[in-house]
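Asker: What follows is run_39.txt, compact mmCIF, N, CA and C atoms.
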# COMPACT_ATOMS: atom_id res chain seq x y z
N PHE A 1 85.14 47.64 48.33
CA PHE A 1 84.16 48.06 49.33
C PHE A 1 83.11 46.97 49.48
N ASN A 2 82.80 46.62 50.72
CA ASN A 2 81.78 45.63 51.01
C ASN A 2 80.54 46.32 51.56
N ASP A 3 79.54 45.57 51.90
CA ASP A 3 78.28 46.13 52.34
C ASP A 3 78.03 46.02 53.84
N ILE A 4 79.01 45.66 54.62
CA ILE A 4 78.81 45.53 56.06
C ILE A 4 78.74 46.93 56.66
N SER A 5 77.62 47.23 57.32
CA SER A 5 77.45 48.58 57.88
C SER A 5 77.54 48.60 59.40
N SER A 6 77.45 47.44 60.03
CA SER A 6 77.56 47.40 61.49
C SER A 6 78.10 46.05 61.94
N ILE A 7 78.65 46.05 63.12
CA ILE A 7 79.17 44.83 63.74
C ILE A 7 78.23 44.49 64.89
N PRO A 8 77.69 43.28 64.91
CA PRO A 8 76.75 42.93 65.99
C PRO A 8 77.47 42.77 67.34
N GLU A 9 76.75 43.05 68.40
CA GLU A 9 77.29 42.86 69.76
C GLU A 9 77.77 41.42 69.97
N SER A 10 77.13 40.48 69.28
CA SER A 10 77.47 39.07 69.44
C SER A 10 78.89 38.74 68.97
N ILE A 11 79.56 39.68 68.30
CA ILE A 11 80.95 39.45 67.91
C ILE A 11 81.81 39.14 69.14
N GLY A 12 81.41 39.67 70.27
CA GLY A 12 82.14 39.45 71.51
C GLY A 12 82.12 38.02 72.00
N ASN A 13 81.26 37.20 71.42
CA ASN A 13 81.19 35.78 71.80
C ASN A 13 82.29 34.95 71.14
N LEU A 14 82.98 35.52 70.17
CA LEU A 14 84.01 34.79 69.43
C LEU A 14 85.37 34.93 70.12
N THR A 15 85.43 34.48 71.35
CA THR A 15 86.60 34.73 72.19
C THR A 15 87.88 34.02 71.74
N ASN A 16 87.79 33.06 70.84
CA ASN A 16 88.98 32.38 70.33
C ASN A 16 89.49 32.98 69.03
N LEU A 17 88.80 34.00 68.54
CA LEU A 17 89.17 34.64 67.28
C LEU A 17 90.56 35.25 67.38
N LYS A 18 91.40 35.02 66.37
CA LYS A 18 92.76 35.56 66.34
C LYS A 18 92.89 36.75 65.40
N THR A 19 92.18 36.71 64.28
CA THR A 19 92.26 37.77 63.27
C THR A 19 90.86 38.19 62.87
N LEU A 20 90.65 39.51 62.80
CA LEU A 20 89.37 40.05 62.36
C LEU A 20 89.65 41.11 61.31
N LYS A 21 89.20 40.84 60.08
CA LYS A 21 89.41 41.76 58.96
C LYS A 21 88.06 42.31 58.51
N LEU A 22 87.82 43.56 58.84
CA LEU A 22 86.57 44.23 58.46
C LEU A 22 86.87 45.53 57.73
N ASN A 23 88.01 45.58 57.06
CA ASN A 23 88.36 46.77 56.30
C ASN A 23 87.51 46.87 55.04
N ASN A 24 87.42 48.09 54.50
CA ASN A 24 86.68 48.37 53.26
C ASN A 24 85.19 48.07 53.38
N ASN A 25 84.59 48.60 54.42
CA ASN A 25 83.15 48.45 54.64
C ASN A 25 82.56 49.82 54.94
N GLY A 26 81.35 49.84 55.43
CA GLY A 26 80.69 51.08 55.79
C GLY A 26 80.40 51.15 57.28
N ILE A 27 81.29 50.62 58.08
CA ILE A 27 81.10 50.54 59.53
C ILE A 27 81.38 51.91 60.16
N SER A 28 80.46 52.37 61.01
CA SER A 28 80.66 53.68 61.64
C SER A 28 81.00 53.58 63.13
N SER A 29 80.69 52.46 63.75
CA SER A 29 81.01 52.31 65.17
C SER A 29 81.35 50.85 65.49
N ILE A 30 82.06 50.68 66.58
CA ILE A 30 82.50 49.37 67.04
C ILE A 30 81.77 49.06 68.34
N PRO A 31 81.17 47.88 68.47
CA PRO A 31 80.46 47.57 69.72
C PRO A 31 81.41 47.39 70.91
N GLU A 32 80.90 47.70 72.08
CA GLU A 32 81.67 47.52 73.32
C GLU A 32 82.16 46.08 73.48
N SER A 33 81.40 45.14 72.96
CA SER A 33 81.74 43.72 73.12
C SER A 33 83.04 43.33 72.42
N ILE A 34 83.58 44.21 71.59
CA ILE A 34 84.86 43.92 70.93
C ILE A 34 85.94 43.64 71.99
N GLY A 35 85.77 44.22 73.16
CA GLY A 35 86.72 44.03 74.25
C GLY A 35 86.76 42.61 74.79
N ASN A 36 85.79 41.79 74.42
CA ASN A 36 85.76 40.39 74.85
C ASN A 36 86.69 39.50 74.02
N LEU A 37 87.20 40.02 72.92
CA LEU A 37 88.02 39.21 72.01
C LEU A 37 89.47 39.17 72.51
N ILE A 38 89.65 38.57 73.66
CA ILE A 38 90.94 38.62 74.36
C ILE A 38 92.07 37.86 73.65
N ASN A 39 91.76 37.00 72.70
CA ASN A 39 92.80 36.27 71.97
C ASN A 39 93.12 36.90 70.62
N LEU A 40 92.45 37.99 70.30
CA LEU A 40 92.66 38.66 69.02
C LEU A 40 94.08 39.21 68.94
N ASN A 41 94.75 38.99 67.80
CA ASN A 41 96.09 39.56 67.63
C ASN A 41 96.20 40.48 66.42
N THR A 42 95.21 40.45 65.53
CA THR A 42 95.21 41.32 64.36
C THR A 42 93.81 41.85 64.13
N LEU A 43 93.70 43.18 64.00
CA LEU A 43 92.40 43.81 63.80
C LEU A 43 92.51 44.85 62.69
N TYR A 44 91.87 44.55 61.56
CA TYR A 44 91.87 45.45 60.41
C TYR A 44 90.52 46.15 60.33
N LEU A 45 90.54 47.46 60.48
CA LEU A 45 89.32 48.27 60.40
C LEU A 45 89.50 49.45 59.45
N SER A 46 90.48 49.39 58.57
CA SER A 46 90.77 50.47 57.64
C SER A 46 89.61 50.70 56.67
N ASN A 47 89.54 51.92 56.16
CA ASN A 47 88.59 52.28 55.11
C ASN A 47 87.14 52.03 55.49
N ASN A 48 86.75 52.56 56.62
CA ASN A 48 85.37 52.53 57.09
C ASN A 48 84.98 53.96 57.44
N GLY A 49 83.93 54.12 58.19
CA GLY A 49 83.50 55.44 58.64
C GLY A 49 83.52 55.55 60.15
N ILE A 50 84.44 54.83 60.78
CA ILE A 50 84.50 54.76 62.24
C ILE A 50 84.90 56.13 62.80
N TYR A 51 84.10 56.63 63.73
CA TYR A 51 84.37 57.94 64.31
C TYR A 51 84.81 57.89 65.77
N ILE A 52 84.61 56.75 66.43
CA ILE A 52 85.03 56.61 67.83
C ILE A 52 85.31 55.13 68.13
N LEU A 53 86.26 54.89 69.00
CA LEU A 53 86.57 53.53 69.45
C LEU A 53 86.03 53.35 70.86
N PRO A 54 85.50 52.17 71.17
CA PRO A 54 84.99 51.95 72.52
C PRO A 54 86.14 51.85 73.53
N LYS A 55 85.86 52.22 74.76
CA LYS A 55 86.88 52.16 75.81
C LYS A 55 87.32 50.72 76.07
N THR A 56 86.48 49.75 75.72
CA THR A 56 86.83 48.35 75.94
C THR A 56 87.98 47.89 75.05
N ILE A 57 88.43 48.76 74.15
CA ILE A 57 89.57 48.43 73.30
C ILE A 57 90.79 48.09 74.16
N GLU A 58 90.81 48.62 75.38
CA GLU A 58 91.93 48.36 76.30
C GLU A 58 92.05 46.89 76.68
N ASN A 59 90.99 46.12 76.52
CA ASN A 59 91.01 44.70 76.87
C ASN A 59 91.74 43.85 75.83
N LEU A 60 92.03 44.42 74.68
CA LEU A 60 92.67 43.67 73.59
C LEU A 60 94.18 43.66 73.78
N LYS A 61 94.61 43.04 74.84
CA LYS A 61 96.02 43.04 75.24
C LYS A 61 96.93 42.26 74.30
N ASN A 62 96.36 41.36 73.47
CA ASN A 62 97.18 40.55 72.57
C ASN A 62 97.24 41.09 71.16
N VAL A 63 96.52 42.17 70.87
CA VAL A 63 96.53 42.73 69.52
C VAL A 63 97.91 43.33 69.24
N ARG A 64 98.51 42.87 68.15
CA ARG A 64 99.82 43.37 67.72
C ARG A 64 99.67 44.37 66.58
N VAL A 65 98.66 44.15 65.73
CA VAL A 65 98.43 45.01 64.57
C VAL A 65 97.01 45.55 64.63
N LEU A 66 96.89 46.87 64.62
CA LEU A 66 95.59 47.54 64.61
C LEU A 66 95.61 48.55 63.47
N MET A 67 94.84 48.28 62.43
CA MET A 67 94.81 49.15 61.26
C MET A 67 93.53 49.97 61.30
N LEU A 68 93.68 51.29 61.37
CA LEU A 68 92.55 52.20 61.49
C LEU A 68 92.58 53.31 60.45
N ASP A 69 93.48 53.23 59.47
CA ASP A 69 93.61 54.32 58.52
C ASP A 69 92.34 54.51 57.68
N ASN A 70 92.16 55.72 57.20
CA ASN A 70 91.02 56.10 56.37
C ASN A 70 89.68 55.87 57.06
N ASN A 71 89.57 56.40 58.27
CA ASN A 71 88.32 56.42 59.02
C ASN A 71 88.03 57.88 59.38
N LYS A 72 87.06 58.10 60.23
CA LYS A 72 86.68 59.45 60.63
C LYS A 72 87.03 59.73 62.09
N LEU A 73 88.03 59.04 62.58
CA LEU A 73 88.46 59.21 63.98
C LEU A 73 89.02 60.61 64.20
N MET A 74 88.56 61.25 65.25
CA MET A 74 89.06 62.57 65.62
C MET A 74 90.22 62.44 66.62
N TYR A 75 90.22 61.35 67.36
CA TYR A 75 91.26 61.11 68.36
C TYR A 75 91.28 59.62 68.70
N LEU A 76 92.34 59.20 69.33
CA LEU A 76 92.44 57.84 69.85
C LEU A 76 92.21 57.90 71.35
N PRO A 77 91.41 57.00 71.89
CA PRO A 77 91.15 57.04 73.33
C PRO A 77 92.41 56.70 74.14
N ASN A 78 92.49 57.24 75.34
CA ASN A 78 93.63 56.94 76.21
C ASN A 78 93.79 55.45 76.44
N GLU A 79 92.69 54.72 76.41
CA GLU A 79 92.71 53.28 76.67
C GLU A 79 93.58 52.52 75.67
N ILE A 80 93.83 53.10 74.52
CA ILE A 80 94.65 52.41 73.53
C ILE A 80 96.06 52.18 74.07
N GLY A 81 96.47 52.99 75.02
CA GLY A 81 97.78 52.83 75.65
C GLY A 81 97.91 51.59 76.50
N LYS A 82 96.80 50.94 76.78
CA LYS A 82 96.82 49.71 77.59
C LYS A 82 96.92 48.46 76.73
N MET A 83 96.99 48.65 75.41
CA MET A 83 97.13 47.52 74.49
C MET A 83 98.62 47.16 74.43
N GLU A 84 99.06 46.40 75.41
CA GLU A 84 100.48 46.15 75.68
C GLU A 84 101.25 45.48 74.56
N SER A 85 100.60 44.71 73.70
CA SER A 85 101.30 43.99 72.64
C SER A 85 101.33 44.74 71.32
N LEU A 86 100.70 45.90 71.25
CA LEU A 86 100.57 46.64 70.00
C LEU A 86 101.93 47.01 69.42
N LYS A 87 102.15 46.58 68.18
CA LYS A 87 103.40 46.85 67.48
C LYS A 87 103.19 47.77 66.29
N SER A 88 101.99 47.72 65.69
CA SER A 88 101.72 48.49 64.48
C SER A 88 100.34 49.12 64.59
N LEU A 89 100.31 50.44 64.39
CA LEU A 89 99.07 51.19 64.47
C LEU A 89 98.94 52.05 63.23
Taking this structure as input, can you express it in the form of structure tokens?

Answerer:
Amino acid sequence: FNDISSIPESIGNLTNLKTLKLNNNGISSIPESIGNLINLNTLYLSNNGIYILPKTIENLKNVRVLMLDNNKLMYLPNEIGKMESLKSL
């Protein structure tokens, strides 16, 4: 377990980022700017306290692996269906 409790909006400026591993933290929400990470192909968010995903998740068309296990999600947004490259959820 790490001590990261939030992700800054400025994360969206890292448009060349390929992998983002933020598992095992205390994160409860994901900023809308995550949708700017158009080159992202792997996103690990397991073992946090995330309760909702932003609708901008649909912009992550290159993400192949999205790990969300052990969070507080009640549902997955319809927008997740627009993540065309998703192979593992």

Asker: As JSON, numbers by chain, please: the residues near Ile57 of chain A (cut-off 8 Å, all atoms listed in the file, same-chain neighbours under 4 positions excluded).

Answerer: {"A": [31, 32, 33, 34, 35, 36, 53, 61, 79, 80, 81, 82, 83]}

Asker: Show me the residues around (80.9, 46.3, 54.2) - criterion: an atom at most 7 Å away, all atoms listed in the file counted - as JSON, numbers by chain.

Answerer: {"A": [1, 2, 3, 4, 5, 6, 22, 23, 24, 25, 26, 27]}

Asker: Mind the document's chain letters and residue numbers, and return as a PyMOL selection string the residues of chain A that DSSP labels strand (DSSP E).

Answerer: chain A and resi 19-21+42-44+65-67

Asker: Can you write out the residues you just picked, keeping N, CA and C atoms, as a compact mmCIF listing (two decimals), in the coordinates of the input?

Answerer:
# COMPACT_ATOMS: atom_id res chain seq x y z
N THR A 19 92.18 36.71 64.28
CA THR A 19 92.26 37.77 63.27
C THR A 19 90.86 38.19 62.87
N LEU A 20 90.65 39.51 62.80
CA LEU A 20 89.37 40.05 62.36
C LEU A 20 89.65 41.11 61.31
N LYS A 21 89.20 40.84 60.08
CA LYS A 21 89.41 41.76 58.96
C LYS A 21 88.06 42.31 58.51
N THR A 42 95.21 40.45 65.53
CA THR A 42 95.21 41.32 64.36
C THR A 42 93.81 41.85 64.13
N LEU A 43 93.70 43.18 64.00
CA LEU A 43 92.40 43.81 63.80
C LEU A 43 92.51 44.85 62.69
N TYR A 44 91.87 44.55 61.56
CA TYR A 44 91.87 45.45 60.41
C TYR A 44 90.52 46.15 60.33
N VAL A 65 98.66 44.15 65.73
CA VAL A 65 98.43 45.01 64.57
C VAL A 65 97.01 45.55 64.63
N LEU A 66 96.89 46.87 64.62
CA LEU A 66 95.59 47.54 64.61
C LEU A 66 95.61 48.55 63.47
N MET A 67 94.84 48.28 62.43
CA MET A 67 94.81 49.15 61.26
C MET A 67 93.53 49.97 61.30

Asker: As a ChimeraX atom specification, please: all residues of chain A that backbone DSSP puts in helix (DSSP H, G or I).

Answerer: /A:9-13,32-36,55-59,78-82

Asker: Edge lengths and centre, in Å to one decimal, as lines of an AutoDock Vina configuration file: that's what I need for the box along x, y and z that holds all listed atoms of segment 36-46 of chain A plus 3 Å on each side.

Answerer:
center_x = 91.0
center_y = 43.5
center_z = 65.8
size_x = 16.4
size_y = 20.4
size_z = 24.2

Asker: Rounded to one decimal place, report the atom N of Leu45 of chain A-atom CA of Leu68 of chain A distance in Å.

Answerer: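 These two atoms are separated by 5.2 Å.
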
Asker: Atom C of Ile52 of chain A and atom C of Val65 of chain A are how many Å apart?

Answerer: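 The value is 15.5 Å.
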